[in-house]
Each structure stands twice: as structure tokens, then as C-alpha cells.
Amino acid sequence: MDIKLELVTVPVSDVDRAKAFYERVGFHADHDVTVSEEIRFVQLTPPGSACSIALGRGLTRMAPGSLDNLQVVVKDIEEAYADLRGRGVEVSEIEDLPWGSFVRFCDPDGNGWAVQQTTPRTAAPGR
């Protein structure tokens, strides 16, 4: 039996601000549907991902900004770092750990993301 994670709800306080942020990060807006005054559903997908995020109104009881360490994986952490900075996203410096290299960023509500290159970078002078 296959079990596939396809959608993760991200709690936000301002749907339009969050949608604009995730589009700036590079996520593709798949759906933006207002069902009623109480419910708005926005689905965004990172490039190349089979899993999307949902944000909106009336979707979750979680407090805005309460998610930490949502993780996406890339082949090249230096390219991801440069791309995010080029898009105006405030990211941490690259952190090299034995199990991979990471940069981190938060959305406007403080939901925390980790971008991981699963294979550690080759040690360079000064690292």
C-alpha cells in the first residue's frame, strides 16, 4: 500500500500576504478558491514537488506561525541560497552538518522552513 503525503496546511494570519510570499519563494499557485466568507483555500506547490501547501481561512485551528522546520530538499544548497536571496527572501547562512547542508527561512508569520542538500558539500578551504 502506498501512502503519499500530498498537502500540508500552513497557518497564516493574512492569506494574501502569505500567498505573495510563497509565490516570491518560487511556489506555483495551483488554486485560490473562496468557498464562503469563512473558508478560502489556497494551494501552492514548490517547483518539482509532489507535495503542496495549503493556506487560507477556515482551514486549521493551528495558530499562525506555529509550524517549525518544514523541510524541502534541493540538489545544490549554494544555488538554492543564491536563488532565495535573489528573490528577496531573508535566509540564514549555509549550515553544514554531517547529514547535509541547510539554509533556513521563515514566512511573514514565522512558520519556519529548512532547505536541505542531503549530501554534505565538499569541504572547501575556510569551511
# chains A, B, ... in the order shown; residues from 1 in each chain; ligands from 1

$ select_by_dssp --residues "chain A" --states "strand (DSSP E or B)" --output "VMD selection string"
chain A and resid 7 to 9 28 to 34 40 to 45 52 to 57 70 to 74 95 to 97 100 to 106 112 to 117

$ closest_atom_pairs --of "region 46-96 of chain A" --to "region 16-38 of chain A" --cutoff "9 Å" --atoms "only C-alpha atoms" --output "CSV"
residue,atom,partner,partner_atom,distance
A:Pro46,CA,A:Phe27,CA,4.3
A:Pro47,CA,A:Phe27,CA,6.1
A:Ser52,CA,A:Phe27,CA,8.9
A:Leu55,CA,A:Lys19,CA,7.9
A:Gly56,CA,A:Asp16,CA,8.7
A:Arg57,CA,A:Glu38,CA,6.4
A:Gly58,CA,A:Glu38,CA,5.7
A:Asp83,CA,A:Val25,CA,8.7
A:Leu84,CA,A:Val25,CA,6.4
A:Arg87,CA,A:Arg24,CA,6.2
A:Gly88,CA,A:Arg24,CA,7.9
A:Val89,CA,A:Val25,CA,6.9

$ write_last_selection --atoms "C-alpha atoms" --output "PDB file, in the first residue's frame"
ATOM      1  CA  PRO A  46       7.201  24.065  -4.684  1.00  0.00           C
ATOM      2  CA  PRO A  47       8.855  23.525  -8.089  1.00  0.00           C
ATOM      3  CA  SER A  52       1.804  21.116  -1.838  1.00  0.00           C
ATOM      4  CA  LEU A  55      -3.131  28.216   3.368  1.00  0.00           C
ATOM      5  CA  GLY A  56      -6.277  30.145   3.788  1.00  0.00           C
ATOM      6  CA  ARG A  57      -9.146  30.981   6.043  1.00  0.00           C
ATOM      7  CA  GLY A  58     -11.100  28.358   7.936  1.00  0.00           C
ATOM      8  CA  ASP A  83      18.101  31.895  -5.693  1.00  0.00           C
ATOM      9  CA  LEU A  84      16.253  32.681  -2.462  1.00  0.00           C
ATOM     10  CA  ARG A  87      14.132  36.652  -4.779  1.00  0.00           C
ATOM     11  CA  GLY A  88      14.466  38.921  -1.728  1.00  0.00           C
ATOM     12  CA  VAL A  89      13.927  36.145   0.832  1.00  0.00           C
TER      13      VAL A  89
END

$ closest_residue --among "A:Pro11, A:Asn69, A:Glu6, A:Val103" --to "Ala82 (chain A)" --atoms "only C-alpha atoms"
A:Val103

$ atom_distance --atom1 "CA of Gln116 (chain A)" --atom2 "CA of Ser101 (chain A)"
5.6 Å

$ closest_residue --among "A:Arg85, A:Ile39, A:Val91, A:Val12" --to "Trp113 (chain A)" --atoms "only C-alpha atoms"
A:Val91

$ select_by_dssp --residues "region 23-91 of chain A" --states "alpha helix (DSSP H)" --output "PyMOL selection string"
chain A and resi 23-25+77-86

$ write_last_selection --atoms "N, CA and C atoms" --output "PDB file, in the first residue's frame"
ATOM      1  N   GLU A  23       4.762  32.752  -3.451  1.00  0.00           N
ATOM      2  CA  GLU A  23       4.999  32.917  -4.891  1.00  0.00           C
ATOM      3  C   GLU A  23       6.380  33.522  -5.122  1.00  0.00           C
ATOM      4  N   ARG A  24       6.784  34.466  -4.274  1.00  0.00           N
ATOM      5  CA  ARG A  24       8.123  35.057  -4.392  1.00  0.00           C
ATOM      6  C   ARG A  24       9.203  34.009  -4.145  1.00  0.00           C
ATOM      7  N   VAL A  25       8.964  33.084  -3.201  1.00  0.00           N
ATOM      8  CA  VAL A  25       9.902  31.996  -2.936  1.00  0.00           C
ATOM      9  C   VAL A  25      10.039  31.097  -4.159  1.00  0.00           C
ATOM     10  N   ILE A  77      22.684  23.330  -2.526  1.00  0.00           N
ATOM     11  CA  ILE A  77      22.316  24.300  -1.492  1.00  0.00           C
ATOM     12  C   ILE A  77      22.826  25.700  -1.821  1.00  0.00           C
ATOM     13  N   GLU A  78      23.975  25.795  -2.467  1.00  0.00           N
ATOM     14  CA  GLU A  78      24.510  27.113  -2.821  1.00  0.00           C
ATOM     15  C   GLU A  78      23.627  27.784  -3.873  1.00  0.00           C
ATOM     16  N   GLU A  79      23.136  26.993  -4.829  1.00  0.00           N
ATOM     17  CA  GLU A  79      22.210  27.526  -5.836  1.00  0.00           C
ATOM     18  C   GLU A  79      20.901  27.952  -5.178  1.00  0.00           C
ATOM     19  N   ALA A  80      20.389  27.130  -4.249  1.00  0.00           N
ATOM     20  CA  ALA A  80      19.148  27.470  -3.550  1.00  0.00           C
ATOM     21  C   ALA A  80      19.322  28.743  -2.724  1.00  0.00           C
ATOM     22  N   TYR A  81      20.436  28.863  -2.035  1.00  0.00           N
ATOM     23  CA  TYR A  81      20.737  30.048  -1.232  1.00  0.00           C
ATOM     24  C   TYR A  81      20.744  31.295  -2.111  1.00  0.00           C
ATOM     25  N   ALA A  82      21.469  31.222  -3.229  1.00  0.00           N
ATOM     26  CA  ALA A  82      21.559  32.368  -4.140  1.00  0.00           C
ATOM     27  C   ALA A  82      20.194  32.701  -4.747  1.00  0.00           C
ATOM     28  N   ASP A  83      19.420  31.678  -5.107  1.00  0.00           N
ATOM     29  CA  ASP A  83      18.101  31.895  -5.693  1.00  0.00           C
ATOM     30  C   ASP A  83      17.165  32.581  -4.695  1.00  0.00           C
ATOM     31  N   LEU A  84      17.130  32.077  -3.472  1.00  0.00           N
ATOM     32  CA  LEU A  84      16.253  32.681  -2.462  1.00  0.00           C
ATOM     33  C   LEU A  84      16.656  34.125  -2.171  1.00  0.00           C
ATOM     34  N   ARG A  85      17.945  34.368  -2.007  1.00  0.00           N
ATOM     35  CA  ARG A  85      18.413  35.741  -1.761  1.00  0.00           C
ATOM     36  C   ARG A  85      18.071  36.636  -2.947  1.00  0.00           C
ATOM     37  N   GLY A  86      18.223  36.104  -4.160  1.00  0.00           N
ATOM     38  CA  GLY A  86      17.888  36.871  -5.353  1.00  0.00           C
ATOM     39  C   GLY A  86      16.412  37.208  -5.447  1.00  0.00           C
TER      40      GLY A  86
END

$ atom_distance --atom1 "CA of Val115 (chain A)" --atom2 "CA of Leu7 (chain A)"
17.8 Å

$ residues_around --residues "Lys4 (chain A)" --least-positions-apart "3" --cutoff "10 Å" --atoms "only C-alpha atoms" --output "ChimeraX atom specification"
/A:1,7,50-51

$ write_last_selection --atoms "C-alpha atoms" --output "compact mmCIF listing (two decimals), in the first residue's frame"
# COMPACT_ATOMS: atom_id res chain seq x y z
CA MET A 1 0.00 0.00 0.00
CA LEU A 7 -0.83 18.53 1.23
CA ALA A 50 4.63 16.15 -5.37
CA CYS A 51 3.53 17.73 -2.08

$ atom_distance --atom1 "CA of Val74 (chain A)" --atom2 "CA of Met62 (chain A)"
27.7 Å
